[in-house]
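J.: One structure, as structure tokens, below. Some questions next.
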Amino acid sequence: MRLEPLFRRTLYLAFAVLFITGAAWLLADARKDGASGEGWQTAAANLLMIHGGAAMATLLLLGALVPLHVRRGWRARRNRIMGVTMVSLNAALILTAFGLYYLGSETLRPWASDLHIAAGLALPVLLVVHILTGRRSR
Ligand code: HEM
Ligand code: HEM
């Protein structure tokens, strides 16, 4: 059930890069109309590029997590509530990220953005709770 140390660290690194670049983008985006707006705009574009790259790596890791962790946890009936919560949260992040790319509509895109940001900001907290409840289920 426990993840191999290298895989676990890589997963933590990928989530950390996603969270940091996402949160930093929010700060840069809020400053883009100010005095040094051009610098913030460049920073925001670079942050999203790193964010998108990290997202691709994360999808790879999440795919590997299904047979290694999700199916095993489900079969062992361990941590199912927080397990389903993690799967739903990651599914929400992926679906809203798809929306950020492809929803042209001016009403739907802001929705995808808000939901993506809310799910992204909730991720570290829910991941920590997931790990704690998971350990307790041993
Ligand atoms: C995208 C979904 C998920 C992610 C990202 C995720 C991530 C993690 C991580 C990083 C750990 C700590 C691993 C370690 O200490 O080696 C963990 C622990 C755990 N997870 Fe998940 N998990 C997910 C889904 C699930 C599901 C669906 C279940 C069960 C149905 C589950 C059950 C557990 C259990 C039981 C532990 C504790 C293992 C132990 O320390 O003995 N997880 N999870
Ligand atoms: C599996 C996890 C995630 C995936 C697959 C993902 C993917 C993406 C993608 C593809 C974009 C669009 C990039 C672009 O327009 O060039 C994006 C934007 C964004 N992501 Fe994530 N992301 C994830 C997690 C997170 C997390 C943890 C945060 C934390 C705050 C976050 C915050 C943001 C923000 C603020 C944006 C910009 C929103 C906007 O343009 O309105 N994401 N993400």
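Identifiers in the structure tokens: chain A, B, ... in order shown; residue index from 1 per chain; ligand index from 1 in order shown.
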If the limit is 8 Å from any atom of ligand 2, counting only C-alpha atoms and all ligand atoms, which residues qualify? Return them as an MDAnalysis selection string.

T.: chainID A and resid 15:16 18:26 45 48:49 51:52 54:56 58:59 90:91 93:94 96:98 100:101 109:110 112:114 116:124

J.: Could you dump the residues just selected with N, CA and C atoms as a short mmCIF file (atom, residue, chain, number, x, y, z; two decimals), in the first residue's frame?

T.:
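Contents of out_6.cif, freshly written:
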data_model
loop_
_atom_site.label_atom_id
_atom_site.label_comp_id
_atom_site.auth_asym_id
_atom_site.auth_seq_id
_atom_site.Cartn_x
_atom_site.Cartn_y
_atom_site.Cartn_z
N PHE A 15 3.19 17.82 -7.15
CA PHE A 15 2.09 18.59 -6.54
C PHE A 15 2.60 19.92 -6.00
N ALA A 16 3.81 19.92 -5.44
CA ALA A 16 4.35 21.17 -4.90
C ALA A 16 4.58 22.20 -6.01
N LEU A 18 3.04 22.31 -8.90
CA LEU A 18 1.72 22.75 -9.37
C LEU A 18 1.16 23.81 -8.43
N PHE A 19 1.24 23.54 -7.13
CA PHE A 19 0.65 24.46 -6.16
C PHE A 19 1.39 25.80 -6.17
N ILE A 20 2.72 25.74 -6.13
CA ILE A 20 3.50 26.98 -6.04
C ILE A 20 3.33 27.84 -7.30
N THR A 21 3.41 27.19 -8.48
CA THR A 21 3.27 27.98 -9.71
C THR A 21 1.84 28.50 -9.86
N GLY A 22 0.85 27.70 -9.41
CA GLY A 22 -0.55 28.16 -9.49
C GLY A 22 -0.79 29.35 -8.56
N ALA A 23 -0.31 29.23 -7.31
CA ALA A 23 -0.51 30.31 -6.34
C ALA A 23 0.27 31.56 -6.76
N ALA A 24 1.51 31.36 -7.28
CA ALA A 24 2.31 32.52 -7.71
C ALA A 24 1.66 33.18 -8.92
N TRP A 25 1.05 32.39 -9.80
CA TRP A 25 0.36 32.98 -10.95
C TRP A 25 -0.77 33.90 -10.47
N LEU A 26 -1.50 33.47 -9.42
CA LEU A 26 -2.59 34.29 -8.89
C LEU A 26 -2.06 35.66 -8.44
N ALA A 45 3.14 34.47 -17.49
CA ALA A 45 3.19 33.56 -18.64
C ALA A 45 4.19 32.43 -18.37
N LEU A 48 2.76 29.91 -15.87
CA LEU A 48 1.77 28.99 -16.46
C LEU A 48 2.43 27.93 -17.33
N MET A 49 3.57 28.31 -17.94
CA MET A 49 4.28 27.33 -18.77
C MET A 49 4.82 26.21 -17.86
N HIS A 51 3.68 25.47 -14.93
CA HIS A 51 2.50 24.80 -14.38
C HIS A 51 1.98 23.74 -15.36
N GLY A 52 1.88 24.11 -16.63
CA GLY A 52 1.38 23.17 -17.65
C GLY A 52 2.31 21.97 -17.79
N ALA A 54 4.38 20.78 -15.48
CA ALA A 54 4.24 19.96 -14.27
C ALA A 54 2.94 19.17 -14.32
N ALA A 55 1.89 19.78 -14.89
CA ALA A 55 0.60 19.09 -14.99
C ALA A 55 0.73 17.84 -15.86
N MET A 56 1.52 17.95 -16.96
CA MET A 56 1.70 16.77 -17.83
C MET A 56 2.39 15.64 -17.06
N THR A 58 2.38 15.24 -13.88
CA THR A 58 1.46 14.77 -12.83
C THR A 58 0.47 13.76 -13.40
N LEU A 59 0.01 13.99 -14.63
CA LEU A 59 -0.93 13.05 -15.24
C LEU A 59 -0.30 11.67 -15.38
N ASN A 90 -8.72 15.30 -7.95
CA ASN A 90 -7.82 15.28 -9.11
C ASN A 90 -8.60 15.25 -10.42
N ALA A 91 -9.73 14.53 -10.43
CA ALA A 91 -10.56 14.51 -11.64
C ALA A 91 -11.09 15.92 -11.91
N LEU A 93 -9.67 18.74 -11.06
CA LEU A 93 -8.55 19.56 -11.56
C LEU A 93 -8.31 19.31 -13.04
N ILE A 94 -8.36 18.03 -13.44
CA ILE A 94 -8.08 17.69 -14.84
C ILE A 94 -9.20 18.20 -15.76
N THR A 96 -11.37 20.67 -15.20
CA THR A 96 -11.40 22.13 -15.27
C THR A 96 -10.19 22.65 -16.05
N ALA A 97 -9.05 21.92 -15.99
CA ALA A 97 -7.88 22.32 -16.79
C ALA A 97 -8.21 22.18 -18.27
N PHE A 98 -8.92 21.11 -18.62
CA PHE A 98 -9.38 20.94 -20.01
C PHE A 98 -10.26 22.14 -20.39
N LEU A 100 -10.14 25.12 -19.15
CA LEU A 100 -9.31 26.33 -19.30
C LEU A 100 -8.72 26.41 -20.70
N TYR A 101 -8.37 25.26 -21.25
CA TYR A 101 -7.82 25.25 -22.61
C TYR A 101 -8.89 25.46 -23.67
N ARG A 109 -15.80 29.79 -19.17
CA ARG A 109 -14.37 29.78 -18.86
C ARG A 109 -14.07 30.30 -17.45
N PRO A 110 -14.67 31.43 -17.05
CA PRO A 110 -14.43 31.88 -15.67
C PRO A 110 -14.86 30.84 -14.62
N ALA A 112 -14.72 27.54 -15.06
CA ALA A 112 -13.65 26.53 -15.05
C ALA A 112 -12.46 27.06 -14.26
N SER A 113 -12.14 28.33 -14.46
CA SER A 113 -11.01 28.94 -13.77
C SER A 113 -11.24 28.95 -12.25
N ASP A 114 -12.40 29.43 -11.82
CA ASP A 114 -12.69 29.51 -10.37
C ASP A 114 -12.67 28.12 -9.72
N HIS A 116 -11.15 25.45 -10.83
CA HIS A 116 -9.78 24.92 -10.87
C HIS A 116 -8.96 25.51 -9.72
N ILE A 117 -9.08 26.80 -9.52
CA ILE A 117 -8.31 27.47 -8.47
C ILE A 117 -8.75 26.97 -7.08
N ALA A 118 -10.07 26.84 -6.89
CA ALA A 118 -10.56 26.37 -5.58
C ALA A 118 -10.06 24.95 -5.31
N ALA A 119 -10.16 24.07 -6.32
CA ALA A 119 -9.69 22.69 -6.14
C ALA A 119 -8.18 22.68 -5.90
N GLY A 120 -7.46 23.52 -6.62
CA GLY A 120 -5.99 23.57 -6.49
C GLY A 120 -5.56 24.04 -5.11
N LEU A 121 -6.24 25.07 -4.59
CA LEU A 121 -5.87 25.58 -3.27
C LEU A 121 -6.22 24.57 -2.18
N ALA A 122 -7.28 23.76 -2.42
CA ALA A 122 -7.71 22.76 -1.42
C ALA A 122 -6.79 21.53 -1.43
N LEU A 123 -6.06 21.34 -2.52
CA LEU A 123 -5.29 20.10 -2.69
C LEU A 123 -4.32 19.80 -1.54
N PRO A 124 -3.44 20.76 -1.13
CA PRO A 124 -2.48 20.39 -0.08
C PRO A 124 -3.15 19.96 1.22
#

J.: Residues at most 9 Å from ligand 1, using only C-alpha atoms and all ligand atoms? Could they come as a PyMOL selection string?

T.: chain A and resi 1-5+7-9+11-12+15+61-63+65-66+69-91+127-128+130-138

J.: Rounded to one decimal in Å, what is the spacing between CA of Ala28 in chain A and CA of Leu126 in chain A?

T.: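 We find that CA of Ala28 in chain A and CA of Leu126 in chain A lie 25.2 Å from each other.
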
J.: Per DSSP on the backbone, what are the helix (DSSP H, G or I) residues of range 32-87 of chain A, as a PyMOL selection string?

T.: chain A and resi 37-75+80-87
